[in-house]
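For reference, the structure is listed below as C-alpha cells.
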Amino acid sequence: MVSSDQRRRQLAREKYERQQQRRDAARRKTKRRNVIVASALAVALAAGAAAYASVGLAGDDSTTDAAAPSPSKAADPCGKPAPGAPSKKTWKKEPEMSVDTSAAYAMKLETTCGDIGIKLDAAKAPHTVNSFGFLAGEKFFDHSKCHRLVDEGIYVLQCGDPTGTGSGTPGYTIPDENLKDPRLKGDVYPAGTVAMANRYDGKSDKTRNSGGSQFFLVYQDSKLPPNYTPFGTVTSGMDVLKKIAAAGSKPEPSTGNTAPNATVVIDRATVSKS
C-alpha cells in the first residue's frame, strides 16, 4: 500500500522527469535550429546550389516547422523598376585583368529603394573588382532583382543574379581573395561589408574559388566564417539597406530563397575609377 507521502514524492519525481524531458527536447530543438541557421548561412551565400537552398531555407524539415518564425510582412517601401529586362549574357572565362590596383574604384547601385554607394578594394581583391567593373560595363546587373534577404542569424541582402533564382552566374568563376582581411575580427563581417557569394561547401577545397556575380551587402554585424571575399564597403545608402530589412522577407519554395518583401531591383550598376 502506497502512503500519501510516497505518492506525493512519486508525483513530484514524475513531474521533475517530465520537466527534464521538456528541457532536453527544447535543447535538441535549439541545437537543430542552430544547425539549420548554419546550413542556411552556407546556402544563403552559395551562388548556385538551388536544390540545397530549398532544403536549408524553405523550412521543409517538419521537425522545425513549429520553431520557424512566420515571415514578417510590411508595406513595400520601394518604387517601381525602370523599364528593361535582366541580362542573359554569359562568358566562358574570366575577363582579362585590366584593373589598376593603385587606383580608387567605386560602385553605385541605383535601386528601386534608393542609391547605394560602395568603395571597392582593388588592391586586396583585384580579380573581384576587375570582374565587377567588366560586368557593370556590360550592364549585367541592370534590371536584376536582389533575390535574397537573410534576417535571422546573419543579416545580408544578396544580389547579382539576373535570373533572380539564386542559381545564376556570368558563366565564369573568380578566385577567393582577401579572406584574411583584418576587418573580419572574430569571424564577424561588419555592417557595411560587401562580399562575394560562392559555392564553397565548407568541406572540400574543390568548391573554393567559385564566386561568380552574386554578392551580398551586410546591413548588421554578422558572424560568418571567413570564406567569402570582402571586396567593398558601403559608403552611402545604409539607410536604404535598413529600409529593405525592416520590410522583412518571405520564403519562395520554388527557389529556396527568402526574398525581400520590398521590391529591390538594381535599375543600374556602374563602376568608376578615380
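In the C-alpha cells, chains take the letters A, B, ... in the order shown, each chain's residues start at 1, and ligands count up from 1 in the order shown.
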Fewer than 4 positions away in the same chain doesn't count, so skip those; otherwise give me all residues within 10 Å of Val240 of chain A, counting only C-alpha atoms, as a ChimeraX atom specification.
/A:77-78,111-116,219,236,244-246
Any chance you could tabulate, as a Markdown table, the residues of segment 198-217 of chain A at most 12 Å from segment 156-173 of chain A with each one's nearest atom pair and distance in Å to one decimal, using only C-alpha atoms, in chain and rising number order?
```
| residue | atom | partner | partner_atom | distance |
| --- | --- | --- | --- | --- |
| A:Asn198 | CA | A:Thr173 | CA | 9.0 |
| A:Arg199 | CA | A:Ser167 | CA | 10.1 |
| A:Thr207 | CA | A:Thr173 | CA | 11.0 |
| A:Arg208 | CA | A:Thr173 | CA | 10.0 |
| A:Asn209 | CA | A:Thr173 | CA | 6.9 |
| A:Ser210 | CA | A:Thr173 | CA | 5.3 |
| A:Gly211 | CA | A:Thr173 | CA | 5.3 |
| A:Gly212 | CA | A:Thr173 | CA | 4.8 |
| A:Ser213 | CA | A:Gly160 | CA | 5.4 |
| A:Gln214 | CA | A:Gly160 | CA | 4.2 |
| A:Phe215 | CA | A:Cys159 | CA | 5.6 |
| A:Phe216 | CA | A:Gln158 | CA | 4.2 |
| A:Leu217 | CA | A:Leu157 | CA | 5.2 |
```
Suppose we keep N, CA, C and O atoms; can you now write the selection as an mmCIF file, in the first residue's frame?
```cif
data_model
loop_
_atom_site.group_PDB
_atom_site.id
_atom_site.type_symbol
_atom_site.label_atom_id
_atom_site.label_comp_id
_atom_site.auth_asym_id
_atom_site.auth_seq_id
_atom_site.Cartn_x
_atom_site.Cartn_y
_atom_site.Cartn_z
ATOM 1 N N ASN A 198 29.500 32.432 -52.936
ATOM 2 C CA ASN A 198 30.203 31.394 -53.680
ATOM 3 C C ASN A 198 29.581 30.036 -53.393
ATOM 4 O O ASN A 198 28.604 29.941 -52.652
ATOM 5 N N ARG A 199 30.144 29.001 -53.982
ATOM 6 C CA ARG A 199 29.604 27.650 -53.813
ATOM 7 C C ARG A 199 30.419 26.812 -52.828
ATOM 8 O O ARG A 199 30.269 25.595 -52.788
ATOM 9 N N THR A 207 35.564 23.118 -53.948
ATOM 10 C CA THR A 207 34.440 24.047 -54.112
ATOM 11 C C THR A 207 34.844 25.496 -53.818
ATOM 12 O O THR A 207 34.004 26.392 -53.875
ATOM 13 N N ARG A 208 36.114 25.719 -53.517
ATOM 14 C CA ARG A 208 36.594 27.087 -53.330
ATOM 15 C C ARG A 208 36.781 27.759 -54.692
ATOM 16 O O ARG A 208 36.658 27.135 -55.731
ATOM 17 N N ASN A 209 37.077 29.053 -54.659
ATOM 18 C CA ASN A 209 37.307 29.825 -55.883
ATOM 19 C C ASN A 209 36.135 29.677 -56.852
ATOM 20 O O ASN A 209 36.315 29.469 -58.048
ATOM 21 N N SER A 210 34.927 29.787 -56.290
ATOM 22 C CA SER A 210 33.715 29.526 -57.077
ATOM 23 C C SER A 210 32.785 30.739 -57.133
ATOM 24 O O SER A 210 31.608 30.596 -57.439
ATOM 25 N N GLY A 211 33.309 31.922 -56.812
ATOM 26 C CA GLY A 211 32.490 33.118 -56.929
ATOM 27 C C GLY A 211 32.169 33.426 -58.379
ATOM 28 O O GLY A 211 32.929 33.081 -59.285
ATOM 29 N N GLY A 212 31.032 34.070 -58.599
ATOM 30 C CA GLY A 212 30.641 34.450 -59.953
ATOM 31 C C GLY A 212 30.263 35.912 -59.994
ATOM 32 O O GLY A 212 31.121 36.792 -60.035
ATOM 33 N N SER A 213 28.960 36.180 -59.964
ATOM 34 C CA SER A 213 28.479 37.566 -59.983
ATOM 35 C C SER A 213 27.683 37.921 -58.731
ATOM 36 O O SER A 213 27.436 39.100 -58.469
ATOM 37 N N GLN A 214 27.277 36.919 -57.958
ATOM 38 C CA GLN A 214 26.429 37.194 -56.805
ATOM 39 C C GLN A 214 27.247 37.719 -55.629
ATOM 40 O O GLN A 214 28.342 37.225 -55.350
ATOM 41 N N PHE A 215 26.689 38.712 -54.970
ATOM 42 C CA PHE A 215 27.369 39.350 -53.850
ATOM 43 C C PHE A 215 26.340 39.673 -52.786
ATOM 44 O O PHE A 215 25.135 39.648 -53.033
ATOM 45 N N PHE A 216 26.829 39.959 -51.583
ATOM 46 C CA PHE A 216 25.903 40.314 -50.511
ATOM 47 C C PHE A 216 26.389 41.552 -49.776
ATOM 48 O O PHE A 216 27.588 41.813 -49.659
ATOM 49 N N LEU A 217 25.402 42.319 -49.300
ATOM 50 C CA LEU A 217 25.662 43.535 -48.545
ATOM 51 C C LEU A 217 25.230 43.293 -47.101
ATOM 52 O O LEU A 217 24.080 42.906 -46.853
#
```
Within segment 104-220 of chain A, find each residue whose DSSP state, derived from the backbone, is strand (DSSP E), and express the selection as a PyMOL selection string.
chain A and resi 105-111+114-120+144-145+148-152+154-159+188-189+193-196+215-218
Create the file for the chosen residues now, containing N, CA, C and O atoms and written as a compact mmCIF listing (two decimals), in the first residue's frame.
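In the end it all went to result_27.txt:
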```txt
# COMPACT_ATOMS: atom_id res chain seq x y z
N TYR A 105 38.40 52.79 -56.78
CA TYR A 105 37.22 52.42 -57.56
C TYR A 105 35.98 52.53 -56.68
O TYR A 105 36.04 52.28 -55.47
N ALA A 106 34.88 52.86 -57.30
CA ALA A 106 33.61 52.95 -56.58
C ALA A 106 32.51 52.33 -57.42
O ALA A 106 32.53 52.42 -58.66
N MET A 107 31.57 51.68 -56.78
CA MET A 107 30.41 51.13 -57.47
C MET A 107 29.16 51.84 -56.95
O MET A 107 29.02 52.08 -55.75
N LYS A 108 28.28 52.16 -57.86
CA LYS A 108 27.00 52.78 -57.50
C LYS A 108 25.87 51.87 -57.96
O LYS A 108 25.81 51.49 -59.13
N LEU A 109 25.01 51.52 -57.01
CA LEU A 109 23.82 50.73 -57.33
C LEU A 109 22.61 51.66 -57.25
O LEU A 109 22.25 52.12 -56.17
N GLU A 110 22.02 51.91 -58.39
CA GLU A 110 20.79 52.70 -58.42
C GLU A 110 19.63 51.72 -58.35
O GLU A 110 19.36 51.00 -59.30
N THR A 111 18.98 51.66 -57.20
CA THR A 111 17.95 50.66 -56.99
C THR A 111 16.58 51.31 -56.85
O THR A 111 16.46 52.52 -56.66
N GLY A 114 16.45 53.16 -53.55
CA GLY A 114 17.40 54.23 -53.29
C GLY A 114 18.79 53.84 -53.76
O GLY A 114 19.06 52.67 -54.06
N ASP A 115 19.68 54.81 -53.81
CA ASP A 115 21.04 54.56 -54.28
C ASP A 115 21.93 54.04 -53.16
O ASP A 115 21.81 54.45 -52.00
N ILE A 116 22.84 53.14 -53.53
CA ILE A 116 23.82 52.58 -52.58
C ILE A 116 25.21 52.81 -53.18
O ILE A 116 25.48 52.38 -54.31
N GLY A 117 26.06 53.49 -52.44
CA GLY A 117 27.43 53.73 -52.87
C GLY A 117 28.38 52.78 -52.19
O GLY A 117 28.27 52.52 -50.99
N ILE A 118 29.35 52.26 -52.96
CA ILE A 118 30.28 51.25 -52.43
C ILE A 118 31.70 51.59 -52.84
O ILE A 118 31.98 51.84 -54.02
N LYS A 119 32.60 51.61 -51.87
CA LYS A 119 34.03 51.76 -52.15
C LYS A 119 34.60 50.37 -52.41
O LYS A 119 34.45 49.47 -51.59
N LEU A 120 35.25 50.20 -53.55
CA LEU A 120 35.81 48.89 -53.91
C LEU A 120 37.29 48.84 -53.58
O LEU A 120 38.01 49.83 -53.73
N SER A 144 18.20 43.68 -62.55
CA SER A 144 18.20 42.41 -61.81
C SER A 144 17.67 42.61 -60.39
O SER A 144 17.90 43.64 -59.76
N LYS A 145 16.95 41.61 -59.89
CA LYS A 145 16.42 41.65 -58.54
C LYS A 145 17.50 41.28 -57.52
O LYS A 145 18.35 40.44 -57.79
N ARG A 148 17.54 37.69 -52.37
CA ARG A 148 17.52 37.03 -51.07
C ARG A 148 17.83 38.03 -49.95
O ARG A 148 18.79 38.81 -50.05
N LEU A 149 17.01 38.00 -48.91
CA LEU A 149 17.25 38.77 -47.70
C LEU A 149 17.29 37.79 -46.54
O LEU A 149 16.34 37.05 -46.32
N VAL A 150 18.41 37.77 -45.83
CA VAL A 150 18.53 36.91 -44.65
C VAL A 150 18.48 37.83 -43.43
O VAL A 150 19.31 38.72 -43.28
N ASP A 151 17.48 37.62 -42.57
CA ASP A 151 17.29 38.50 -41.43
C ASP A 151 17.21 37.73 -40.12
O ASP A 151 16.63 38.18 -39.15
N GLU A 152 17.84 36.56 -40.10
CA GLU A 152 17.93 35.77 -38.87
C GLU A 152 19.27 35.07 -38.83
O GLU A 152 19.65 34.38 -39.78
N ILE A 154 22.23 35.78 -39.57
CA ILE A 154 23.06 36.74 -40.28
C ILE A 154 22.13 37.76 -40.93
O ILE A 154 20.92 37.52 -41.05
N TYR A 155 22.71 38.87 -41.37
CA TYR A 155 21.87 39.99 -41.83
C TYR A 155 22.43 40.53 -43.13
O TYR A 155 23.27 41.43 -43.14
N VAL A 156 21.98 39.94 -44.22
CA VAL A 156 22.55 40.28 -45.52
C VAL A 156 21.46 40.38 -46.59
O VAL A 156 20.43 39.71 -46.52
N LEU A 157 21.73 41.22 -47.56
CA LEU A 157 20.92 41.30 -48.77
C LEU A 157 21.78 40.79 -49.91
O LEU A 157 22.90 41.28 -50.11
N GLN A 158 21.30 39.80 -50.64
CA GLN A 158 22.08 39.19 -51.71
C GLN A 158 21.53 39.60 -53.07
O GLN A 158 20.33 39.56 -53.31
N CYS A 159 22.45 39.98 -53.95
CA CYS A 159 22.10 40.48 -55.28
C CYS A 159 23.06 39.88 -56.31
O CYS A 159 23.92 39.06 -55.99
N VAL A 188 33.54 37.93 -37.82
CA VAL A 188 32.39 38.81 -37.98
C VAL A 188 32.59 39.70 -39.20
O VAL A 188 33.63 40.35 -39.32
N TYR A 189 31.63 39.66 -40.09
CA TYR A 189 31.62 40.60 -41.22
C TYR A 189 30.86 41.83 -40.74
O TYR A 189 29.66 41.77 -40.50
N THR A 193 29.94 45.80 -44.92
CA THR A 193 30.81 44.98 -45.76
C THR A 193 30.06 44.51 -47.01
O THR A 193 28.88 44.14 -46.94
N VAL A 194 30.76 44.51 -48.13
CA VAL A 194 30.23 43.94 -49.36
C VAL A 194 31.14 42.78 -49.73
O VAL A 194 32.37 42.95 -49.83
N ALA A 195 30.58 41.60 -49.91
CA ALA A 195 31.40 40.41 -50.12
C ALA A 195 30.75 39.50 -51.16
O ALA A 195 29.58 39.62 -51.49
N MET A 196 31.58 38.57 -51.65
CA MET A 196 31.13 37.65 -52.69
C MET A 196 30.41 36.43 -52.11
O MET A 196 30.82 35.86 -51.10
N PHE A 215 26.69 38.71 -54.97
CA PHE A 215 27.37 39.35 -53.85
C PHE A 215 26.34 39.67 -52.79
O PHE A 215 25.14 39.65 -53.03
N PHE A 216 26.83 39.96 -51.58
CA PHE A 216 25.90 40.31 -50.51
C PHE A 216 26.39 41.55 -49.78
O PHE A 216 27.59 41.81 -49.66
N LEU A 217 25.40 42.32 -49.30
CA LEU A 217 25.66 43.53 -48.54
C LEU A 217 25.23 43.29 -47.10
O LEU A 217 24.08 42.91 -46.85
N VAL A 218 26.13 43.50 -46.17
CA VAL A 218 25.86 43.25 -44.75
C VAL A 218 25.27 44.52 -44.14
O VAL A 218 25.92 45.56 -44.12
```
Would you pick out the contacts of segment 229-231 of chain A at 8 Å or less, using only C-alpha atoms, so that residues sharing its chain but fewer than 6 positions from it are not included, and give the list as an mmCIF file with N, CA and C atoms, in the first residue's frame?
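Okay, this is what ended up in around-v2.cif:
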```cif
data_model
loop_
_atom_site.group_PDB
_atom_site.id
_atom_site.type_symbol
_atom_site.label_atom_id
_atom_site.label_comp_id
_atom_site.auth_asym_id
_atom_site.auth_seq_id
_atom_site.Cartn_x
_atom_site.Cartn_y
_atom_site.Cartn_z
ATOM 1 N N LEU A 120 35.250 50.197 -53.548
ATOM 2 C CA LEU A 120 35.805 48.895 -53.914
ATOM 3 C C LEU A 120 37.295 48.840 -53.584
ATOM 4 N N ASP A 121 37.757 47.676 -53.153
ATOM 5 C CA ASP A 121 39.149 47.493 -52.746
ATOM 6 C C ASP A 121 39.911 46.728 -53.811
ATOM 7 N N ALA A 122 40.408 47.453 -54.812
ATOM 8 C CA ALA A 122 41.106 46.818 -55.926
ATOM 9 C C ALA A 122 42.455 46.246 -55.502
ATOM 10 N N LYS A 124 43.277 44.761 -52.638
ATOM 11 C CA LYS A 124 43.159 43.493 -51.911
ATOM 12 C C LYS A 124 42.314 42.447 -52.638
ATOM 13 N N ALA A 125 41.472 42.883 -53.552
ATOM 14 C CA ALA A 125 40.605 41.946 -54.289
ATOM 15 C C ALA A 125 40.581 42.319 -55.769
ATOM 16 N N THR A 128 38.206 40.317 -58.198
ATOM 17 C CA THR A 128 36.791 40.600 -57.938
ATOM 18 C C THR A 128 36.398 41.971 -58.471
ATOM 19 N N VAL A 129 37.206 42.979 -58.177
ATOM 20 C CA VAL A 129 36.902 44.335 -58.638
ATOM 21 C C VAL A 129 36.992 44.407 -60.159
ATOM 22 N N ASP A 176 38.862 33.218 -54.798
ATOM 23 C CA ASP A 176 38.664 33.844 -53.489
ATOM 24 C C ASP A 176 39.825 34.795 -53.229
ATOM 25 N N GLU A 177 39.519 35.906 -52.572
ATOM 26 C CA GLU A 177 40.553 36.900 -52.273
ATOM 27 C C GLU A 177 40.287 37.528 -50.910
ATOM 28 N N ASN A 178 41.345 38.039 -50.298
ATOM 29 C CA ASN A 178 41.230 38.892 -49.114
ATOM 30 C C ASN A 178 40.519 38.206 -47.945
ATOM 31 N N LEU A 179 40.669 36.897 -47.837
ATOM 32 C CA LEU A 179 39.967 36.174 -46.778
ATOM 33 C C LEU A 179 40.589 36.387 -45.395
ATOM 34 N N ASP A 181 41.379 39.439 -44.325
ATOM 35 C CA ASP A 181 41.210 40.867 -44.066
ATOM 36 C C ASP A 181 41.095 41.104 -42.552
ATOM 37 N N THR A 193 29.937 45.805 -44.921
ATOM 38 C CA THR A 193 30.807 44.980 -45.762
ATOM 39 C C THR A 193 30.059 44.505 -47.006
ATOM 40 N N VAL A 194 30.756 44.514 -48.128
ATOM 41 C CA VAL A 194 30.226 43.936 -49.360
ATOM 42 C C VAL A 194 31.145 42.776 -49.734
ATOM 43 N N ALA A 195 30.578 41.597 -49.905
ATOM 44 C CA ALA A 195 31.397 40.408 -50.121
ATOM 45 C C ALA A 195 30.755 39.499 -51.162
ATOM 46 N N MET A 196 31.578 38.567 -51.653
ATOM 47 C CA MET A 196 31.127 37.645 -52.687
ATOM 48 C C MET A 196 30.409 36.427 -52.115
ATOM 49 N N ALA A 197 29.346 36.027 -52.777
ATOM 50 C CA ALA A 197 28.763 34.709 -52.536
ATOM 51 C C ALA A 197 29.577 33.693 -53.329
#
```
Which residues are near segment 95-100 of chain A? Cut-off 10 Å, only C-alpha atoms, ignore same chain within fewer than 6 positions. Put them as a ChimeraX atom specification.
/A:122-123,126-135,172,174,273
Restricting the output to N, CA, C and O atoms, write the selected residues as a PDB file, in the first residue's frame.
```pdb
ATOM      1  N   ALA A 122      40.408  47.453 -54.812  1.00  0.00           N
ATOM      2  CA  ALA A 122      41.106  46.818 -55.926  1.00  0.00           C
ATOM      3  C   ALA A 122      42.455  46.246 -55.502  1.00  0.00           C
ATOM      4  O   ALA A 122      42.925  45.260 -56.081  1.00  0.00           O
ATOM      5  N   ALA A 123      43.088  46.849 -54.502  1.00  0.00           N
ATOM      6  CA  ALA A 123      44.401  46.387 -54.072  1.00  0.00           C
ATOM      7  C   ALA A 123      44.324  45.005 -53.426  1.00  0.00           C
ATOM      8  O   ALA A 123      45.197  44.159 -53.643  1.00  0.00           O
ATOM      9  N   PRO A 126      41.738  42.268 -56.423  1.00  0.00           N
ATOM     10  CA  PRO A 126      41.817  42.740 -57.816  1.00  0.00           C
ATOM     11  C   PRO A 126      40.963  41.949 -58.801  1.00  0.00           C
ATOM     12  O   PRO A 126      40.342  42.533 -59.688  1.00  0.00           O
ATOM     13  N   HIS A 127      40.910  40.629 -58.656  1.00  0.00           N
ATOM     14  CA  HIS A 127      40.108  39.827 -59.593  1.00  0.00           C
ATOM     15  C   HIS A 127      38.626  40.152 -59.437  1.00  0.00           C
ATOM     16  O   HIS A 127      37.889  40.255 -60.431  1.00  0.00           O
ATOM     17  N   THR A 128      38.206  40.317 -58.198  1.00  0.00           N
ATOM     18  CA  THR A 128      36.791  40.600 -57.938  1.00  0.00           C
ATOM     19  C   THR A 128      36.398  41.971 -58.471  1.00  0.00           C
ATOM     20  O   THR A 128      35.381  42.118 -59.158  1.00  0.00           O
ATOM     21  N   VAL A 129      37.206  42.979 -58.177  1.00  0.00           N
ATOM     22  CA  VAL A 129      36.902  44.335 -58.638  1.00  0.00           C
ATOM     23  C   VAL A 129      36.992  44.407 -60.159  1.00  0.00           C
ATOM     24  O   VAL A 129      36.159  45.056 -60.815  1.00  0.00           O
ATOM     25  N   ASN A 130      37.967  43.718 -60.736  1.00  0.00           N
ATOM     26  CA  ASN A 130      38.084  43.684 -62.198  1.00  0.00           C
ATOM     27  C   ASN A 130      36.828  43.076 -62.821  1.00  0.00           C
ATOM     28  O   ASN A 130      36.292  43.589 -63.815  1.00  0.00           O
ATOM     29  N   SER A 131      36.344  41.985 -62.233  1.00  0.00           N
ATOM     30  CA  SER A 131      35.149  41.322 -62.748  1.00  0.00           C
ATOM     31  C   SER A 131      33.927  42.223 -62.629  1.00  0.00           C
ATOM     32  O   SER A 131      33.110  42.319 -63.564  1.00  0.00           O
ATOM     33  N   PHE A 132      33.795  42.905 -61.497  1.00  0.00           N
ATOM     34  CA  PHE A 132      32.639  43.778 -61.306  1.00  0.00           C
ATOM     35  C   PHE A 132      32.667  44.964 -62.262  1.00  0.00           C
ATOM     36  O   PHE A 132      31.620  45.387 -62.768  1.00  0.00           O
ATOM     37  N   GLY A 133      33.859  45.487 -62.519  1.00  0.00           N
ATOM     38  CA  GLY A 133      33.967  46.562 -63.494  1.00  0.00           C
ATOM     39  C   GLY A 133      33.528  46.096 -64.868  1.00  0.00           C
ATOM     40  O   GLY A 133      32.811  46.803 -65.593  1.00  0.00           O
ATOM     41  N   PHE A 134      33.943  44.884 -65.220  1.00  0.00           N
ATOM     42  CA  PHE A 134      33.559  44.308 -66.508  1.00  0.00           C
ATOM     43  C   PHE A 134      32.051  44.080 -66.597  1.00  0.00           C
ATOM     44  O   PHE A 134      31.396  44.495 -67.572  1.00  0.00           O
ATOM     45  N   LEU A 135      31.492  43.438 -65.580  1.00  0.00           N
ATOM     46  CA  LEU A 135      30.064  43.105 -65.602  1.00  0.00           C
ATOM     47  C   LEU A 135      29.191  44.364 -65.584  1.00  0.00           C
ATOM     48  O   LEU A 135      28.167  44.423 -66.282  1.00  0.00           O
ATOM     49  N   TYR A 172      31.456  32.251 -65.703  1.00  0.00           N
ATOM     50  CA  TYR A 172      32.833  32.006 -65.271  1.00  0.00           C
ATOM     51  C   TYR A 172      32.909  32.169 -63.754  1.00  0.00           C
ATOM     52  O   TYR A 172      31.963  32.657 -63.121  1.00  0.00           O
ATOM     53  N   ILE A 174      35.617  33.317 -60.336  1.00  0.00           N
ATOM     54  CA  ILE A 174      36.793  34.088 -59.964  1.00  0.00           C
ATOM     55  C   ILE A 174      37.353  33.549 -58.655  1.00  0.00           C
ATOM     56  O   ILE A 174      36.630  32.920 -57.882  1.00  0.00           O
ATOM     57  N   LYS A 273      36.360  54.734 -61.814  1.00  0.00           N
ATOM     58  CA  LYS A 273      37.726  54.818 -61.340  1.00  0.00           C
ATOM     59  C   LYS A 273      38.083  56.274 -61.097  1.00  0.00           C
ATOM     60  O   LYS A 273      37.700  57.154 -61.865  1.00  0.00           O
TER      61      LYS A 273
END
```
Could you go through segment 102-154 of chain A and tell me which residues DSSP, when run on the backbone, assigns to helix (DSSP H, G or I), listing them as a VMD selection string?
chain A and resid 126 to 137
Would you save the residues of that selection, restricted to N, CA, C and O atoms, as an mmCIF file, in the first residue's frame?
```cif
data_model
loop_
_atom_site.group_PDB
_atom_site.id
_atom_site.type_symbol
_atom_site.label_atom_id
_atom_site.label_comp_id
_atom_site.auth_asym_id
_atom_site.auth_seq_id
_atom_site.Cartn_x
_atom_site.Cartn_y
_atom_site.Cartn_z
ATOM 1 N N PRO A 126 41.738 42.268 -56.423
ATOM 2 C CA PRO A 126 41.817 42.740 -57.816
ATOM 3 C C PRO A 126 40.963 41.949 -58.801
ATOM 4 O O PRO A 126 40.342 42.533 -59.688
ATOM 5 N N HIS A 127 40.910 40.629 -58.656
ATOM 6 C CA HIS A 127 40.108 39.827 -59.593
ATOM 7 C C HIS A 127 38.626 40.152 -59.437
ATOM 8 O O HIS A 127 37.889 40.255 -60.431
ATOM 9 N N THR A 128 38.206 40.317 -58.198
ATOM 10 C CA THR A 128 36.791 40.600 -57.938
ATOM 11 C C THR A 128 36.398 41.971 -58.471
ATOM 12 O O THR A 128 35.381 42.118 -59.158
ATOM 13 N N VAL A 129 37.206 42.979 -58.177
ATOM 14 C CA VAL A 129 36.902 44.335 -58.638
ATOM 15 C C VAL A 129 36.992 44.407 -60.159
ATOM 16 O O VAL A 129 36.159 45.056 -60.815
ATOM 17 N N ASN A 130 37.967 43.718 -60.736
ATOM 18 C CA ASN A 130 38.084 43.684 -62.198
ATOM 19 C C ASN A 130 36.828 43.076 -62.821
ATOM 20 O O ASN A 130 36.292 43.589 -63.815
ATOM 21 N N SER A 131 36.344 41.985 -62.233
ATOM 22 C CA SER A 131 35.149 41.322 -62.748
ATOM 23 C C SER A 131 33.927 42.223 -62.629
ATOM 24 O O SER A 131 33.110 42.319 -63.564
ATOM 25 N N PHE A 132 33.795 42.905 -61.497
ATOM 26 C CA PHE A 132 32.639 43.778 -61.306
ATOM 27 C C PHE A 132 32.667 44.964 -62.262
ATOM 28 O O PHE A 132 31.620 45.387 -62.768
ATOM 29 N N GLY A 133 33.859 45.487 -62.519
ATOM 30 C CA GLY A 133 33.967 46.562 -63.494
ATOM 31 C C GLY A 133 33.528 46.096 -64.868
ATOM 32 O O GLY A 133 32.811 46.803 -65.593
ATOM 33 N N PHE A 134 33.943 44.884 -65.220
ATOM 34 C CA PHE A 134 33.559 44.308 -66.508
ATOM 35 C C PHE A 134 32.051 44.080 -66.597
ATOM 36 O O PHE A 134 31.396 44.495 -67.572
ATOM 37 N N LEU A 135 31.492 43.438 -65.580
ATOM 38 C CA LEU A 135 30.064 43.105 -65.602
ATOM 39 C C LEU A 135 29.191 44.364 -65.584
ATOM 40 O O LEU A 135 28.167 44.423 -66.282
ATOM 41 N N ALA A 136 29.594 45.354 -64.809
ATOM 42 C CA ALA A 136 28.829 46.603 -64.782
ATOM 43 C C ALA A 136 28.875 47.278 -66.142
ATOM 44 O O ALA A 136 27.862 47.812 -66.621
ATOM 45 N N GLY A 137 30.043 47.239 -66.791
ATOM 46 C CA GLY A 137 30.167 47.821 -68.127
ATOM 47 C C GLY A 137 29.315 47.108 -69.157
ATOM 48 O O GLY A 137 28.849 47.721 -70.123
#
```
For Gly232 of chain A, which residue among A:Lys206, A:Arg183, A:Arg13, A:Arg23 is the nearest when counting only C-alpha atoms?
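For Gly232 of chain A, the nearest of the given residues is A:Arg183.
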Expressed in Å to a single decimal, how great is the separation between atom CA of Lys243 of chain A and atom CA of Asp76 of chain A?
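Rounded to one decimal, the two atoms are 9.6 Å apart.
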Considering only C-alpha atoms, state which residue in the set A:Phe141, A:Ser102, A:Ala191, A:Leu184 is at the smallest distance from Asp239 of chain A.
A:Ala191
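Taking atom CA of Ala75 of chain A as the reference point, atom CA of Pro253 of chain A is found at 21.5 Å.
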